[in-house]
Every structure is written in C-alpha cells, then in structure tokens.
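Shown next: protein19.csv, containing CSV, C-alpha atoms.
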```
chain,number,residue,atom,x,y,z
A,2,GLU,CA,9.4,-12.6,-5.2
A,3,PRO,CA,5.6,-12.9,-5.2
A,4,ALA,CA,5.0,-10.6,-2.2
A,5,PHE,CA,6.5,-7.6,-4.2
A,6,GLY,CA,3.3,-7.0,-6.1
A,7,GLY,CA,2.6,-4.0,-3.9
A,8,GLU,CA,2.2,-5.6,-0.5
A,9,SER,CA,3.1,-3.3,2.3
A,10,GLY,CA,6.3,-4.4,4.1
A,11,ALA,CA,7.3,-6.8,1.4
A,12,ALA,CA,10.8,-5.3,1.0
A,13,TYR,CA,11.3,-5.4,4.7
A,14,GLU,CA,10.2,-9.1,4.9
A,15,TRP,CA,12.6,-10.0,2.0
A,16,SER,CA,15.5,-8.1,3.6
A,17,ALA,CA,14.9,-9.9,6.9
A,18,TYR,CA,14.9,-13.2,5.1
A,19,VAL,CA,18.1,-12.5,3.3
A,20,ALA,CA,19.8,-11.2,6.5
A,21,GLY,CA,18.8,-14.4,8.3
A,22,LYS,CA,20.0,-16.6,5.4
A,23,TYR,CA,23.5,-15.0,5.3
A,24,ASN,CA,23.9,-14.5,9.0
A,25,GLN,CA,25.4,-18.0,9.4
A,26,PRO,CA,29.1,-18.6,10.1
A,27,ASN,CA,29.9,-20.0,6.6
A,28,ILE,CA,27.3,-19.1,4.0
A,29,MET,CA,28.9,-21.5,1.6
A,30,ASP,CA,28.3,-24.6,3.8
A,31,ASN,CA,25.0,-25.6,2.0
A,32,GLU,CA,25.9,-24.5,-1.5
A,33,PRO,CA,26.3,-27.1,-4.3
A,34,THR,CA,29.8,-27.8,-5.5
A,35,LYS,CA,28.7,-28.4,-9.2
A,36,LEU,CA,27.4,-25.7,-11.5
A,37,PRO,CA,23.7,-26.1,-12.2
A,38,LYS,CA,22.2,-25.9,-15.7
A,39,ARG,CA,22.1,-22.3,-17.0
A,40,SER,CA,18.9,-20.6,-15.6
A,41,VAL,CA,16.4,-18.6,-17.5
A,42,GLU,CA,17.9,-15.4,-16.1
A,43,TYR,CA,19.2,-13.1,-18.8
A,44,CYS,CA,22.7,-12.4,-17.5
A,45,ALA,CA,24.5,-15.4,-19.0
A,46,TYR,CA,22.8,-14.9,-22.3
A,47,ILE,CA,23.7,-11.2,-22.4
A,48,ILE,CA,27.3,-12.0,-21.6
A,49,GLU,CA,27.3,-14.7,-24.3
A,50,ALA,CA,25.9,-12.2,-26.9
A,51,LEU,CA,28.4,-9.5,-25.9
A,52,GLU,CA,31.4,-11.9,-26.2
A,53,THR,CA,30.3,-14.0,-29.2
A,54,GLY,CA,28.1,-11.6,-31.2
A,55,LYS,CA,25.2,-14.1,-31.2
A,56,PRO,CA,22.2,-11.8,-30.7
A,57,PHE,CA,20.0,-12.1,-27.7
A,58,LYS,CA,16.6,-10.3,-27.6
A,59,PHE,CA,14.9,-9.5,-24.3
A,60,ASN,CA,12.9,-6.9,-22.4
A,61,GLY,CA,15.3,-4.9,-20.3
A,62,ASN,CA,15.8,-1.7,-18.3
A,63,VAL,CA,18.1,0.9,-19.7
A,64,ARG,CA,18.4,4.7,-19.6
A,65,ASN,CA,15.5,5.9,-21.7
A,66,SER,CA,17.4,8.3,-24.0
A,67,GLY,CA,14.5,8.5,-26.4
A,68,MET,CA,13.4,4.9,-26.4
A,69,ILE,CA,10.0,6.0,-25.2
A,70,ALA,CA,9.5,9.4,-26.7
A,71,ASN,CA,7.2,11.0,-24.2
A,72,LEU,CA,9.2,9.9,-21.1
A,73,PRO,CA,12.2,11.9,-19.8
A,74,ASP,CA,15.5,10.9,-21.4
A,75,GLU,CA,17.2,10.4,-18.0
A,76,CYS,CA,14.7,8.0,-16.6
A,77,CYS,CA,15.1,4.2,-16.6
A,78,ALA,CA,12.7,2.5,-19.1
A,79,GLU,CA,11.9,-1.1,-19.9
A,80,GLY,CA,11.6,-2.1,-23.5
A,81,PRO,CA,12.8,-4.5,-26.2
A,82,ILE,CA,16.6,-4.7,-26.1
A,83,TYR,CA,19.0,-6.8,-28.1
A,84,ALA,CA,22.5,-7.6,-27.1
A,85,ASP,CA,25.3,-8.4,-29.5
A,86,ARG,CA,29.0,-7.7,-29.8
A,87,THR,CA,28.2,-3.9,-30.1
A,88,GLY,CA,26.5,-3.8,-26.7
A,89,LEU,CA,23.0,-3.3,-25.5
A,90,ASN,CA,20.8,-1.8,-28.2
A,91,ARG,CA,17.4,-0.1,-27.5
A,92,THR,CA,14.5,-0.3,-29.8
A,93,LEU,CA,12.8,3.0,-30.4
A,94,LEU,CA,9.1,2.7,-29.4
A,95,GLY,CA,7.6,6.2,-29.9
A,96,ASP,CA,5.0,7.6,-27.5
A,97,LEU,CA,3.2,5.7,-24.8
A,98,PRO,CA,-0.6,6.3,-24.7
A,99,PRO,CA,-1.2,9.4,-22.6
A,100,GLN,CA,-2.7,7.5,-19.6
A,101,CYS,CA,0.3,5.1,-19.5
A,102,MET,CA,2.8,8.0,-19.7
A,103,ALA,CA,1.0,9.8,-16.8
A,104,LEU,CA,1.1,6.6,-14.7
A,105,ASN,CA,4.8,6.2,-15.4
A,106,MET,CA,5.4,9.8,-14.5
A,107,THR,CA,4.0,9.3,-11.0
A,108,ASN,CA,6.9,6.9,-10.3
A,109,ILE,CA,9.5,8.8,-12.3
A,110,ASN,CA,8.8,11.9,-10.3
A,111,VAL,CA,9.3,9.9,-7.0
A,112,GLN,CA,12.6,8.6,-8.4
A,113,ARG,CA,13.7,12.2,-9.4
A,114,LEU,CA,13.0,13.4,-5.9
A,115,ALA,CA,14.9,10.4,-4.4
A,116,VAL,CA,17.9,11.3,-6.6
A,117,LEU,CA,17.7,14.9,-5.6
A,118,ALA,CA,17.7,13.8,-2.0
A,119,ALA,CA,20.7,11.6,-2.5
A,120,LYS,CA,22.6,14.4,-4.4
A,121,THR,CA,21.8,17.2,-2.0
A,122,GLY,CA,21.5,15.3,1.3
A,123,ASP,CA,18.2,17.2,1.9
A,124,PRO,CA,16.0,15.2,4.2
A,125,GLU,CA,13.0,17.2,3.0
A,126,ALA,CA,13.5,15.8,-0.5
A,127,VAL,CA,13.2,12.3,1.0
A,128,VAL,CA,10.0,13.2,2.7
A,129,HIS,CA,8.7,14.6,-0.6
A,130,ALA,CA,9.7,11.5,-2.5
A,131,CYS,CA,8.0,9.2,0.0
A,132,ALA,CA,4.9,11.4,0.2
A,133,LEU,CA,4.5,11.2,-3.6
A,134,ASP,CA,5.0,7.5,-3.8
A,135,PRO,CA,1.6,6.0,-4.7
A,136,LEU,CA,1.7,3.0,-2.3
A,137,THR,CA,3.2,5.0,0.6
A,138,SER,CA,0.6,7.8,0.2
A,139,ALA,CA,-2.2,5.3,0.0
A,140,VAL,CA,-1.4,3.8,3.4
A,141,LEU,CA,0.2,6.6,5.4
A,142,SER,CA,-0.8,10.1,6.3
A,143,LEU,CA,1.7,13.0,5.7
A,144,LYS,CA,2.5,13.0,9.4
A,145,GLU,CA,3.2,9.3,9.4
A,146,ILE,CA,5.4,9.6,6.3
A,147,ARG,CA,7.5,12.3,8.0
A,148,GLU,CA,7.8,10.1,11.1
A,149,MET,CA,8.8,7.1,9.0
A,150,VAL,CA,11.4,9.1,7.1
A,151,THR,CA,12.8,10.5,10.3
A,152,GLU,CA,13.0,7.0,11.8
A,153,MET,CA,14.7,5.6,8.6
A,154,LEU,CA,17.2,8.4,8.4
A,155,GLU,CA,18.1,8.0,12.1
A,156,ALA,CA,18.5,4.2,11.6
A,157,GLU,CA,20.7,4.7,8.6
A,158,ALA,CA,22.6,7.7,9.8
A,159,GLN,CA,26.0,5.9,10.0
A,160,TRP,CA,25.9,5.3,6.2
A,161,LEU,CA,24.7,8.7,5.2
A,162,PRO,CA,26.9,11.8,4.5
```
Can you present the structure in this file as structure tokens?
Amino acid sequence: EPAFGGESGAAYEWSAYVAGKYNQPNIMDNEPTKLPKRSVEYCAYIIEALETGKPFKFNGNVRNSGMIANLPDECCAEGPIYADRTGLNRTLLGDLPPQCMALNMTNINVQRLAVLAAKTGDPEAVVHACALDPLTSAVLSLKEIREMVTEMLEAEAQWLP
C-alpha cells in the first residue's frame, strides 16, 4: 500500500481498513464467482515452477544463509531467487557496500530484539526493539516509547503468554 513508505500510523490505518472490510456478515457477498486472470503476484508462478520445473526468476525474501556475505546468516534477506522443481534457490551475492550493510543492520538488530522478546516473554526486550527502530525513535521519546509498548502489551494481553 502506498502509505507504507514510512508514514506514521500506516499499519494501524491499513489494519482498521481490513477490519472494517471483513466485519460484514458474509464477506463473500461481493466476491466474484469467476476466477480472474492470473495477477503479477509471484505465488502462482512459484507454485507452477515447483510443480512443473519451469524456472521462475524473481527477487524474494529468504533466510540469508550466506546469500549476502556480510549480513547475519539467520536474518531474512531479499535477493535474486529462482524457483524450479528443486525448490527456492538463492543467488550468492557477496558483500554489500559497508554503508548499505550498516543500514540493514539497524533493522536486523530491531528484528533480533523482537525475536528475543517473543522467545523470552521479556517486555523490556519489546521496549528495546521499539526504541532502536529508526522510525519509532525519530518520532517518539524513550518515555513515549515505553508508554506505547505498555499500552500495546496491555491491549494484546489475552493473546500473549
């Protein structure tokens, strides 16, 4: 969606839109009964490649595992992928320029802290992840980030361990 280019509150606005769209009695009432032409989305092409062996090349997100040499193996990385009967195959790219690697690490470190929070249940790790997020830290103070995290955890408490 166009608003996801860094706009504050974009994820909330999109979630509210989706919630409103699917809050009708029968969400299938306005859906077409005929299949549309295949879209430009990759999924159908990937499934076709996996099933038929006809290769499909695309840029995709996979576990890095050495695809980009100077990023952590366990992070998710986007790069040239080809799908065929053998599965999804990464292309090894080598090192990113140091400035690009550093920029990626700002987000990878936020994701690592979010995973740590999920695995340990430590609310402080959530605060740390949010505080290190470049967009969040650009618009909120540390006090506001802690208040936001507290509010989010309280709102989602029924789904948290």
With distances taken over all atoms listed in the file, which of A:Leu51, A:Met29, A:Leu161, A:Ala78 is nearest to Ala118 of chain A?
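Smallest separation from Ala118 of chain A among the options: A:Leu161.
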Pairwise distance for atom CA of Gly67 of chain A and atom CA of Glu42 of chain A, rounded to one decimal in Å
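Atom CA of Glu42 of chain A lies at a distance of 26.2 Å from atom CA of Gly67 of chain A.
Between atom CA of Pro98 of chain A and atom CA of Asn62 of chain A lies a distance of 19.3 Å.
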Identify, on the basis of only C-alpha atoms, every residue whose closest approach to Met106 of chain A does not exceed 12 Å; exclude the query and any residue fewer than 4 positions from it along the same chain; express the result as a list in words.
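In the requested format, the answer is Asn71, Leu72, Pro73, Cys76, Cys77, Ala78, Leu97, Pro99, Gln100, Cys101, Met102, Asn110, Val111, Gln112, Arg113, Leu133, Asp134 and Pro135 of chain A.
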Residues from the last selection, C-alpha atoms, saved as a compact mmCIF listing (two decimals), in the frame of the given file:
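Output (again.txt):
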```txt
# COMPACT_ATOMS: atom_id res chain seq x y z
CA ASN A 71 7.20 11.00 -24.20
CA LEU A 72 9.20 9.90 -21.10
CA PRO A 73 12.20 11.90 -19.80
CA CYS A 76 14.70 8.00 -16.60
CA CYS A 77 15.10 4.20 -16.60
CA ALA A 78 12.70 2.50 -19.10
CA LEU A 97 3.20 5.70 -24.80
CA PRO A 99 -1.20 9.40 -22.60
CA GLN A 100 -2.70 7.50 -19.60
CA CYS A 101 0.30 5.10 -19.50
CA MET A 102 2.80 8.00 -19.70
CA ASN A 110 8.80 11.90 -10.30
CA VAL A 111 9.30 9.90 -7.00
CA GLN A 112 12.60 8.60 -8.40
CA ARG A 113 13.70 12.20 -9.40
CA LEU A 133 4.50 11.20 -3.60
CA ASP A 134 5.00 7.50 -3.80
CA PRO A 135 1.60 6.00 -4.70
```
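Computed from the coordinates, the atom CA of Thr121 of chain A to atom CA of Ala12 of chain A distance equals 25.2 Å.
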Polymer residues at most 10 Å from Phe59 of chain A, all atoms listed in the file, same-chain spacing of 2 or more positions, as number ranges by chain
A: 43, 46-47, 56-57, 61-62, 79-84
Residues from last step as file, C-alpha atoms, as a compact mmCIF listing (two decimals), keeping the file's coordinate frame:
```txt
# COMPACT_ATOMS: atom_id res chain seq x y z
CA TYR A 43 19.20 -13.10 -18.80
CA TYR A 46 22.80 -14.90 -22.30
CA ILE A 47 23.70 -11.20 -22.40
CA PRO A 56 22.20 -11.80 -30.70
CA PHE A 57 20.00 -12.10 -27.70
CA GLY A 61 15.30 -4.90 -20.30
CA ASN A 62 15.80 -1.70 -18.30
CA GLU A 79 11.90 -1.10 -19.90
CA GLY A 80 11.60 -2.10 -23.50
CA PRO A 81 12.80 -4.50 -26.20
CA ILE A 82 16.60 -4.70 -26.10
CA TYR A 83 19.00 -6.80 -28.10
CA ALA A 84 22.50 -7.60 -27.10
```
Who sits within 8 Å of Thr53 of chain A, only C-alpha atoms, same chain under 2 positions skipped, as a ChimeraX atom specification
/A:49-51,55,85-86
Met153 of chain A environment, 12 Å, all atoms listed in the file, sequence neighbours closer than 5 positions dropped, as a ChimeraX atom specification
/A:124,127-128,131,146-148,158-161
Can you write just those residues out, C-alpha atoms, as a short mmCIF file (atom, residue, chain, number, x, y, z; two decimals), in the frame of the given file?
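Listing of result.cif after writing:
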```
data_model
loop_
_atom_site.label_atom_id
_atom_site.label_comp_id
_atom_site.auth_asym_id
_atom_site.auth_seq_id
_atom_site.Cartn_x
_atom_site.Cartn_y
_atom_site.Cartn_z
CA PRO A 124 16.00 15.20 4.20
CA VAL A 127 13.20 12.30 1.00
CA VAL A 128 10.00 13.20 2.70
CA CYS A 131 8.00 9.20 0.00
CA ILE A 146 5.40 9.60 6.30
CA ARG A 147 7.50 12.30 8.00
CA GLU A 148 7.80 10.10 11.10
CA ALA A 158 22.60 7.70 9.80
CA GLN A 159 26.00 5.90 10.00
CA TRP A 160 25.90 5.30 6.20
CA LEU A 161 24.70 8.70 5.20
#
```
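Every protein, DNA or RNA residue with an atom at most 7 Å from Ala126 of chain A, where all atoms listed in the file count and chain neighbours fewer than 6 positions away do not, is listed here: Leu114, Ala115, Leu117 and Ala118 of chain A.
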Would you mind completing segment 109-120 of chain A to all heavy atoms and writing the output as a PDB file, in the frame of the given file?
```
ATOM      1  N   ILE A 109       8.301   8.077 -11.912  1.00  0.00           N
ATOM      2  CA  ILE A 109       9.500   8.800 -12.300  1.00  0.00           C
ATOM      3  C   ILE A 109       9.730  10.017 -11.448  1.00  0.00           C
ATOM      4  O   ILE A 109      10.862  10.302 -11.038  1.00  0.00           O
ATOM      5  CB  ILE A 109       9.431   9.160 -13.818  1.00  0.00           C
ATOM      6  CG1 ILE A 109       9.529   7.891 -14.673  1.00  0.00           C
ATOM      7  CG2 ILE A 109      10.511  10.170 -14.198  1.00  0.00           C
ATOM      8  CD1 ILE A 109       9.182   8.101 -16.136  1.00  0.00           C
ATOM      9  N   ASN A 110       8.660  10.732 -11.111  1.00  0.00           N
ATOM     10  CA  ASN A 110       8.800  11.900 -10.300  1.00  0.00           C
ATOM     11  C   ASN A 110       9.266  11.542  -8.847  1.00  0.00           C
ATOM     12  O   ASN A 110      10.070  12.257  -8.240  1.00  0.00           O
ATOM     13  CB  ASN A 110       7.508  12.718 -10.229  1.00  0.00           C
ATOM     14  CG  ASN A 110       7.284  13.467 -11.524  1.00  0.00           C
ATOM     15  OD1 ASN A 110       8.232  13.896 -12.175  1.00  0.00           O
ATOM     16  ND2 ASN A 110       6.034  13.618 -11.911  1.00  0.00           N
ATOM     17  N   VAL A 111       8.794  10.415  -8.338  1.00  0.00           N
ATOM     18  CA  VAL A 111       9.300   9.900  -7.000  1.00  0.00           C
ATOM     19  C   VAL A 111      10.770   9.632  -7.123  1.00  0.00           C
ATOM     20  O   VAL A 111      11.557  10.016  -6.251  1.00  0.00           O
ATOM     21  CB  VAL A 111       8.485   8.670  -6.590  1.00  0.00           C
ATOM     22  CG1 VAL A 111       9.138   8.006  -5.382  1.00  0.00           C
ATOM     23  CG2 VAL A 111       7.043   9.028  -6.296  1.00  0.00           C
ATOM     24  N   GLN A 112      11.181   8.968  -8.195  1.00  0.00           N
ATOM     25  CA  GLN A 112      12.600   8.600  -8.400  1.00  0.00           C
ATOM     26  C   GLN A 112      13.451   9.889  -8.523  1.00  0.00           C
ATOM     27  O   GLN A 112      14.560   9.966  -7.982  1.00  0.00           O
ATOM     28  CB  GLN A 112      12.751   7.710  -9.584  1.00  0.00           C
ATOM     29  CG  GLN A 112      12.091   6.362  -9.357  1.00  0.00           C
ATOM     30  CD  GLN A 112      11.737   5.635 -10.635  1.00  0.00           C
ATOM     31  OE1 GLN A 112      12.120   6.046 -11.724  1.00  0.00           O
ATOM     32  NE2 GLN A 112      10.989   4.547 -10.503  1.00  0.00           N
ATOM     33  N   ARG A 113      12.941  10.893  -9.241  1.00  0.00           N
ATOM     34  CA  ARG A 113      13.700  12.200  -9.400  1.00  0.00           C
ATOM     35  C   ARG A 113      13.909  12.812  -8.031  1.00  0.00           C
ATOM     36  O   ARG A 113      14.997  13.321  -7.752  1.00  0.00           O
ATOM     37  CB  ARG A 113      12.913  13.123 -10.296  1.00  0.00           C
ATOM     38  CG  ARG A 113      12.993  12.799 -11.759  1.00  0.00           C
ATOM     39  CD  ARG A 113      12.107  13.737 -12.541  1.00  0.00           C
ATOM     40  NE  ARG A 113      12.496  13.802 -13.939  1.00  0.00           N
ATOM     41  CZ  ARG A 113      11.793  14.428 -14.855  1.00  0.00           C
ATOM     42  NH1 ARG A 113      10.675  15.057 -14.541  1.00  0.00           N
ATOM     43  NH2 ARG A 113      12.211  14.442 -16.096  1.00  0.00           N
ATOM     44  N   LEU A 114      12.875  12.806  -7.185  1.00  0.00           N
ATOM     45  CA  LEU A 114      13.000  13.400  -5.900  1.00  0.00           C
ATOM     46  C   LEU A 114      13.993  12.589  -4.998  1.00  0.00           C
ATOM     47  O   LEU A 114      14.761  13.156  -4.218  1.00  0.00           O
ATOM     48  CB  LEU A 114      11.664  13.513  -5.174  1.00  0.00           C
ATOM     49  CG  LEU A 114      10.760  14.610  -5.730  1.00  0.00           C
ATOM     50  CD1 LEU A 114       9.340  14.460  -5.191  1.00  0.00           C
ATOM     51  CD2 LEU A 114      11.321  15.988  -5.409  1.00  0.00           C
ATOM     52  N   ALA A 115      13.984  11.271  -5.135  1.00  0.00           N
ATOM     53  CA  ALA A 115      14.900  10.400  -4.400  1.00  0.00           C
ATOM     54  C   ALA A 115      16.361  10.731  -4.825  1.00  0.00           C
ATOM     55  O   ALA A 115      17.271  10.817  -3.988  1.00  0.00           O
ATOM     56  CB  ALA A 115      14.597   8.962  -4.570  1.00  0.00           C
ATOM     57  N   VAL A 116      16.569  10.909  -6.120  1.00  0.00           N
ATOM     58  CA  VAL A 116      17.900  11.300  -6.600  1.00  0.00           C
ATOM     59  C   VAL A 116      18.315  12.634  -6.108  1.00  0.00           C
ATOM     60  O   VAL A 116      19.452  12.829  -5.671  1.00  0.00           O
ATOM     61  CB  VAL A 116      17.943  11.207  -8.167  1.00  0.00           C
ATOM     62  CG1 VAL A 116      19.215  11.824  -8.709  1.00  0.00           C
ATOM     63  CG2 VAL A 116      17.795   9.766  -8.648  1.00  0.00           C
ATOM     64  N   LEU A 117      17.385  13.582  -6.129  1.00  0.00           N
ATOM     65  CA  LEU A 117      17.700  14.900  -5.600  1.00  0.00           C
ATOM     66  C   LEU A 117      18.075  14.820  -4.124  1.00  0.00           C
ATOM     67  O   LEU A 117      19.044  15.456  -3.691  1.00  0.00           O
ATOM     68  CB  LEU A 117      16.454  15.827  -5.761  1.00  0.00           C
ATOM     69  CG  LEU A 117      16.589  17.227  -5.189  1.00  0.00           C
ATOM     70  CD1 LEU A 117      17.636  18.031  -5.954  1.00  0.00           C
ATOM     71  CD2 LEU A 117      15.240  17.948  -5.223  1.00  0.00           C
ATOM     72  N   ALA A 118      17.361  14.012  -3.370  1.00  0.00           N
ATOM     73  CA  ALA A 118      17.700  13.800  -2.000  1.00  0.00           C
ATOM     74  C   ALA A 118      19.096  13.265  -1.797  1.00  0.00           C
ATOM     75  O   ALA A 118      19.874  13.713  -0.944  1.00  0.00           O
ATOM     76  CB  ALA A 118      16.666  12.915  -1.281  1.00  0.00           C
ATOM     77  N   ALA A 119      19.426  12.269  -2.621  1.00  0.00           N
ATOM     78  CA  ALA A 119      20.700  11.600  -2.500  1.00  0.00           C
ATOM     79  C   ALA A 119      21.845  12.638  -2.912  1.00  0.00           C
ATOM     80  O   ALA A 119      22.906  12.662  -2.284  1.00  0.00           O
ATOM     81  CB  ALA A 119      20.812  10.421  -3.436  1.00  0.00           C
ATOM     82  N   LYS A 120      21.598  13.432  -3.932  1.00  0.00           N
ATOM     83  CA  LYS A 120      22.600  14.400  -4.400  1.00  0.00           C
ATOM     84  C   LYS A 120      22.819  15.554  -3.471  1.00  0.00           C
ATOM     85  O   LYS A 120      23.931  16.043  -3.319  1.00  0.00           O
ATOM     86  CB  LYS A 120      22.275  14.856  -5.815  1.00  0.00           C
ATOM     87  CG  LYS A 120      22.443  13.777  -6.874  1.00  0.00           C
ATOM     88  CD  LYS A 120      21.906  14.202  -8.221  1.00  0.00           C
ATOM     89  CE  LYS A 120      22.869  15.135  -8.926  1.00  0.00           C
ATOM     90  NZ  LYS A 120      22.429  15.414 -10.312  1.00  0.00           N
TER      91      LYS A 120
END
```
